[in-house]
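Asker: Next comes final.cif, mmCIF, C-alpha atoms:
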```
data_work
loop_
_atom_site.label_atom_id
_atom_site.label_comp_id
_atom_site.auth_asym_id
_atom_site.auth_seq_id
_atom_site.Cartn_x
_atom_site.Cartn_y
_atom_site.Cartn_z
CA MET A 600 0.00 0.00 0.00
CA THR A 601 1.37 3.38 -0.99
CA VAL A 602 0.64 6.25 1.34
CA PRO A 603 0.59 9.76 -0.14
CA PRO A 604 3.33 12.11 1.07
CA GLY A 605 2.45 13.83 4.33
CA GLU A 606 -0.10 11.18 5.34
CA ARG A 607 0.65 8.43 7.82
CA PRO A 608 -2.57 6.88 9.07
CA ARG A 609 -1.00 5.18 12.11
CA SER A 610 1.49 7.80 13.12
CA PHE A 611 2.21 9.47 16.45
CA PRO A 612 3.25 12.98 15.39
CA ALA A 613 4.79 15.52 17.74
CA SER A 614 1.55 17.53 17.73
CA GLU A 615 -0.21 14.58 19.42
CA ARG A 616 2.40 14.18 22.18
CA LEU A 617 2.66 15.80 25.57
CA ARG A 618 5.99 17.45 24.91
CA THR A 619 7.01 19.15 28.12
CA ASP A 620 7.30 18.10 31.73
CA ARG A 621 4.95 20.95 32.64
CA GLU A 622 2.18 19.64 30.35
CA PHE A 623 2.60 16.11 31.67
CA ARG A 624 2.50 17.19 35.32
CA GLU A 625 -0.56 19.36 34.68
CA VAL A 626 -2.47 16.40 33.27
CA VAL A 627 -1.42 14.21 36.21
CA ARG A 628 -2.42 16.89 38.73
CA LYS A 629 -5.77 17.94 37.20
CA GLY A 630 -6.83 14.84 35.33
CA ALA A 631 -9.24 12.05 36.20
CA ARG A 632 -7.47 8.81 37.16
CA LEU A 633 -7.77 5.21 36.07
CA HIS A 634 -5.72 2.44 37.68
CA THR A 635 -5.05 -0.97 36.19
CA THR A 636 -2.68 -3.67 37.36
CA HIS A 637 0.30 -2.30 35.45
CA TYR A 638 -0.66 1.24 34.40
CA THR A 639 -2.17 4.46 35.68
CA VAL A 640 -3.95 6.64 33.14
CA TYR A 641 -4.76 10.31 33.69
CA ARG A 642 -7.10 12.26 31.40
CA ASP A 643 -7.68 15.99 31.31
CA THR A 644 -10.18 17.74 29.03
CA LEU A 645 -9.07 20.80 27.12
CA GLY A 646 -11.65 21.17 24.40
CA GLY A 647 -10.76 21.95 20.84
CA GLU A 648 -9.68 19.73 18.00
CA LYS A 649 -6.45 18.40 19.43
CA ARG A 650 -5.65 15.24 21.35
CA GLN A 651 -2.37 14.68 23.14
CA VAL A 652 -0.90 11.60 24.77
CA GLY A 653 2.17 11.25 26.97
CA ILE A 654 3.80 8.02 28.09
CA SER A 655 6.11 7.69 31.07
CA ALA A 656 7.95 4.80 32.65
CA GLY A 657 10.04 5.57 35.73
CA LYS A 658 12.85 3.50 37.15
CA ARG A 659 10.37 1.57 39.31
CA ALA A 660 9.10 0.05 36.07
CA GLY A 661 12.27 -1.98 35.58
CA ASP A 662 15.54 -1.66 33.76
CA ALA A 663 15.95 0.41 30.59
CA VAL A 664 15.05 -2.48 28.31
CA ALA A 665 11.76 -3.16 30.14
CA ARG A 666 10.86 0.56 30.27
CA ASN A 667 11.55 1.10 26.58
CA ARG A 668 9.60 -2.01 25.60
CA ALA A 669 6.61 -0.91 27.70
CA LYS A 670 6.66 2.57 26.14
CA ARG A 671 6.99 1.12 22.63
CA LEU A 672 3.97 -1.14 23.21
CA LEU A 673 1.92 1.76 24.61
CA ARG A 674 2.75 3.92 21.59
CA GLU A 675 1.60 1.13 19.30
CA PHE A 676 -1.58 0.71 21.40
CA TYR A 677 -2.28 4.43 20.92
CA ARG A 678 -1.69 4.22 17.17
CA MET A 679 -4.12 1.31 16.83
CA HIS A 680 -6.82 2.76 19.11
CA LYS A 681 -6.80 6.53 18.56
CA ASN A 682 -10.61 6.53 18.68
CA VAL A 683 -10.44 5.70 22.43
CA PHE A 684 -8.58 8.99 22.99
CA PRO A 685 -11.14 11.65 22.02
CA MET A 686 -10.30 15.00 20.49
CA GLY A 687 -9.98 17.76 23.05
CA THR A 688 -8.31 15.61 25.70
CA ARG A 689 -4.82 15.18 27.08
CA THR A 690 -3.92 11.72 28.37
CA ALA A 691 -0.90 10.64 30.38
CA ILE A 692 -0.12 6.93 30.72
CA VAL A 693 2.30 5.95 33.48
CA VAL A 694 3.82 2.47 33.60
CA ARG A 695 3.79 1.29 37.22
CA LYS A 696 5.24 -2.15 36.64
CA PRO A 697 5.68 -3.70 33.21
CA PRO A 698 3.87 -6.97 32.63
CA GLU A 699 6.13 -10.00 32.30
CA GLY A 700 6.58 -10.99 28.68
CA ALA A 701 4.40 -8.13 27.50
CA VAL A 702 3.04 -8.25 23.98
CA LEU A 703 0.65 -5.82 22.36
CA ALA A 704 -2.29 -8.16 22.93
CA SER A 705 -1.73 -8.18 26.70
CA VAL A 706 -1.41 -4.38 26.85
CA CYS A 707 -4.56 -4.04 24.77
CA ALA A 708 -6.47 -6.62 26.84
CA GLU A 709 -5.66 -4.70 30.02
CA LEU A 710 -6.08 -1.09 28.90
CA LEU A 711 -8.82 -1.10 26.27
CA PRO A 712 -11.68 -2.50 28.42
CA ALA A 713 -10.65 -0.28 31.34
CA LEU A 714 -10.56 2.88 29.19
CA LEU A 715 -13.91 2.07 27.57
CA ARG A 716 -15.47 1.30 30.96
CA ARG A 717 -14.16 4.50 32.57
CA TRP A 718 -14.54 7.06 29.79
CA GLY A 719 -16.61 5.32 27.15
CA GLY A 720 -15.74 5.91 23.55
CA GLU A 721 -16.04 4.07 20.31
CA GLY A 722 -13.32 1.51 20.78
CA ASP A 723 -13.34 -1.84 19.09
CA PRO A 724 -12.99 -4.41 21.89
CA ALA A 725 -10.85 -6.55 19.58
CA CYS A 726 -7.15 -5.94 19.96
CA GLY A 727 -6.08 -6.99 16.51
CA PRO A 728 -3.29 -9.40 15.73
CA ASP A 729 -0.87 -10.49 18.40
CA ILE A 730 2.04 -8.25 17.47
CA SER A 731 5.18 -8.52 19.51
CA SER A 732 8.06 -6.10 19.10
CA SER A 733 10.57 -8.91 19.50
CA THR A 734 11.19 -11.48 16.84
CA SER A 735 12.39 -14.32 19.02
#
```
Spell out the structure here as structure tokens.

Answerer:
Amino acid sequence: MTVPPGERPRSFPASERLRTDREFREVVRKGARLHTTHYTVYRDTLGGEKRQVGISAGKRAGDAVARNRAKRLLREFYRMHKNVFPMGTRTAIVVRKPPEGAVLASVCAELLPALLRRWGGEGDPACGPDISSSTS
């Protein structure tokens, strides 16, 4: 499939990211909270036609490899399920402890039902194919 220049349907552009520490902390401080076994999600409503998502994994979430893998899987979850993150909101996802042997399907199975239950939305409960970022 050829994608026209300037269009990437499953991208995560800088305009959709929480870029500064100040923005991230503001969402955490003012936003509504959702706790799951491995993640805490904060959502703040801004209004407008922009959605922003920030992902954080502190040192409590494991070594650098585990933190980076968790963040990579969460970015892919966001790309696949943008409709769960409505326009006009800022969302911060904090990794508390990474799931053992995490694959996209396990992240999706944990977060998608919780997000739909807490904030509603038009999410497809199916998580898609079992995509793992490792090839072993």

Asker: Any chance you could resolve the PyMOL selection byres ((chain A and resi 627) around 9) against this file and give the residues as a list in words?

Answerer: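 Against this file, the PyMOL selection byres ((chain A and resi 627) around 9) returns the residues Glu622, Phe623, Arg624, Glu625, Val626, Arg628, Lys629, Gly630, Ala631, Arg632, Val640, Tyr641, Arg642, Asp643, Thr690 and Ala691 of chain A.
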
Asker: Hey, what's within 10 Å of A:Lys649 if we count all atoms listed in the file and toss same-chain stuff fewer than 2 positions away? As a CSV table (one decimal) with C-alpha atoms, in the frame of the given file, please?

Answerer:
```
chain,number,residue,atom,x,y,z
A,614,SER,CA,1.6,17.5,17.7
A,615,GLU,CA,-0.2,14.6,19.4
A,645,LEU,CA,-9.1,20.8,27.1
A,646,GLY,CA,-11.6,21.2,24.4
A,647,GLY,CA,-10.8,22.0,20.8
A,651,GLN,CA,-2.4,14.7,23.1
A,685,PRO,CA,-11.1,11.6,22.0
A,686,MET,CA,-10.3,15.0,20.5
A,687,GLY,CA,-10.0,17.8,23.0
A,688,THR,CA,-8.3,15.6,25.7
A,689,ARG,CA,-4.8,15.2,27.1
```

Asker: Go ahead and compute the interatomic distance for atom CA of A:Arg671 and atom CA of A:Leu715, in Å to one decimal.

Answerer: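 A separation of 21.5 Å between them.
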
Asker: Which of these residues is nearest to A:Phe611, using only C-alpha atoms: A:Pro697, A:Arg678, A:Val706, A:Leu633?

Answerer: A:Arg678

Asker: Between atom CA of A:Phe676 and atom CA of A:Leu711, measure the distance and give it in Å to one decimal.

Answerer: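 Computed distance, atom CA of A:Phe676 to atom CA of A:Leu711, equals 8.9 Å.
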
Asker: Can you measure atom CA of A:Arg650 to atom CA of A:Thr636 for me? One decimal in Å is fine.

Answerer: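 Separating atom CA of A:Arg650 from atom CA of A:Thr636 is a distance of 25.0 Å.
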
Asker: Let me make sure I understand: among A:His634, A:Arg609, A:Ile654, A:Ala669, which one has the smallest atom-to-atom distance to A:Gly700 if we use only C-alpha atoms?

Answerer: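 Comparing A:His634, A:Arg609, A:Ile654, A:Ala669 against A:Gly700, the winner is A:Ala669.
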
Asker: Between A:Val652, A:Ala665, A:Val693, A:Ala708, which one has atoms that come closest to A:Leu617, using all atoms listed in the file?

Answerer: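 Closest candidate: A:Val652.
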
Asker: Determine the residue set returned by the PyMOL selection byres ((chain A and resi 657) around 8) for the present structure, and present it as an MDAnalysis selection string.

Answerer: chainID A and resid 655:656 658:661 666 694:695

Asker: Go ahead and write the residues just picked, C-alpha atoms, as an mmCIF file, in the frame of the given file.

Answerer:
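Saved the output as out00.cif:
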```
data_model
loop_
_atom_site.group_PDB
_atom_site.id
_atom_site.type_symbol
_atom_site.label_atom_id
_atom_site.label_comp_id
_atom_site.auth_asym_id
_atom_site.auth_seq_id
_atom_site.Cartn_x
_atom_site.Cartn_y
_atom_site.Cartn_z
ATOM 1 C CA SER A 655 6.110 7.690 31.070
ATOM 2 C CA ALA A 656 7.950 4.800 32.650
ATOM 3 C CA LYS A 658 12.850 3.500 37.150
ATOM 4 C CA ARG A 659 10.370 1.570 39.310
ATOM 5 C CA ALA A 660 9.100 0.050 36.070
ATOM 6 C CA GLY A 661 12.270 -1.980 35.580
ATOM 7 C CA ARG A 666 10.860 0.560 30.270
ATOM 8 C CA VAL A 694 3.820 2.470 33.600
ATOM 9 C CA ARG A 695 3.790 1.290 37.220
#
```
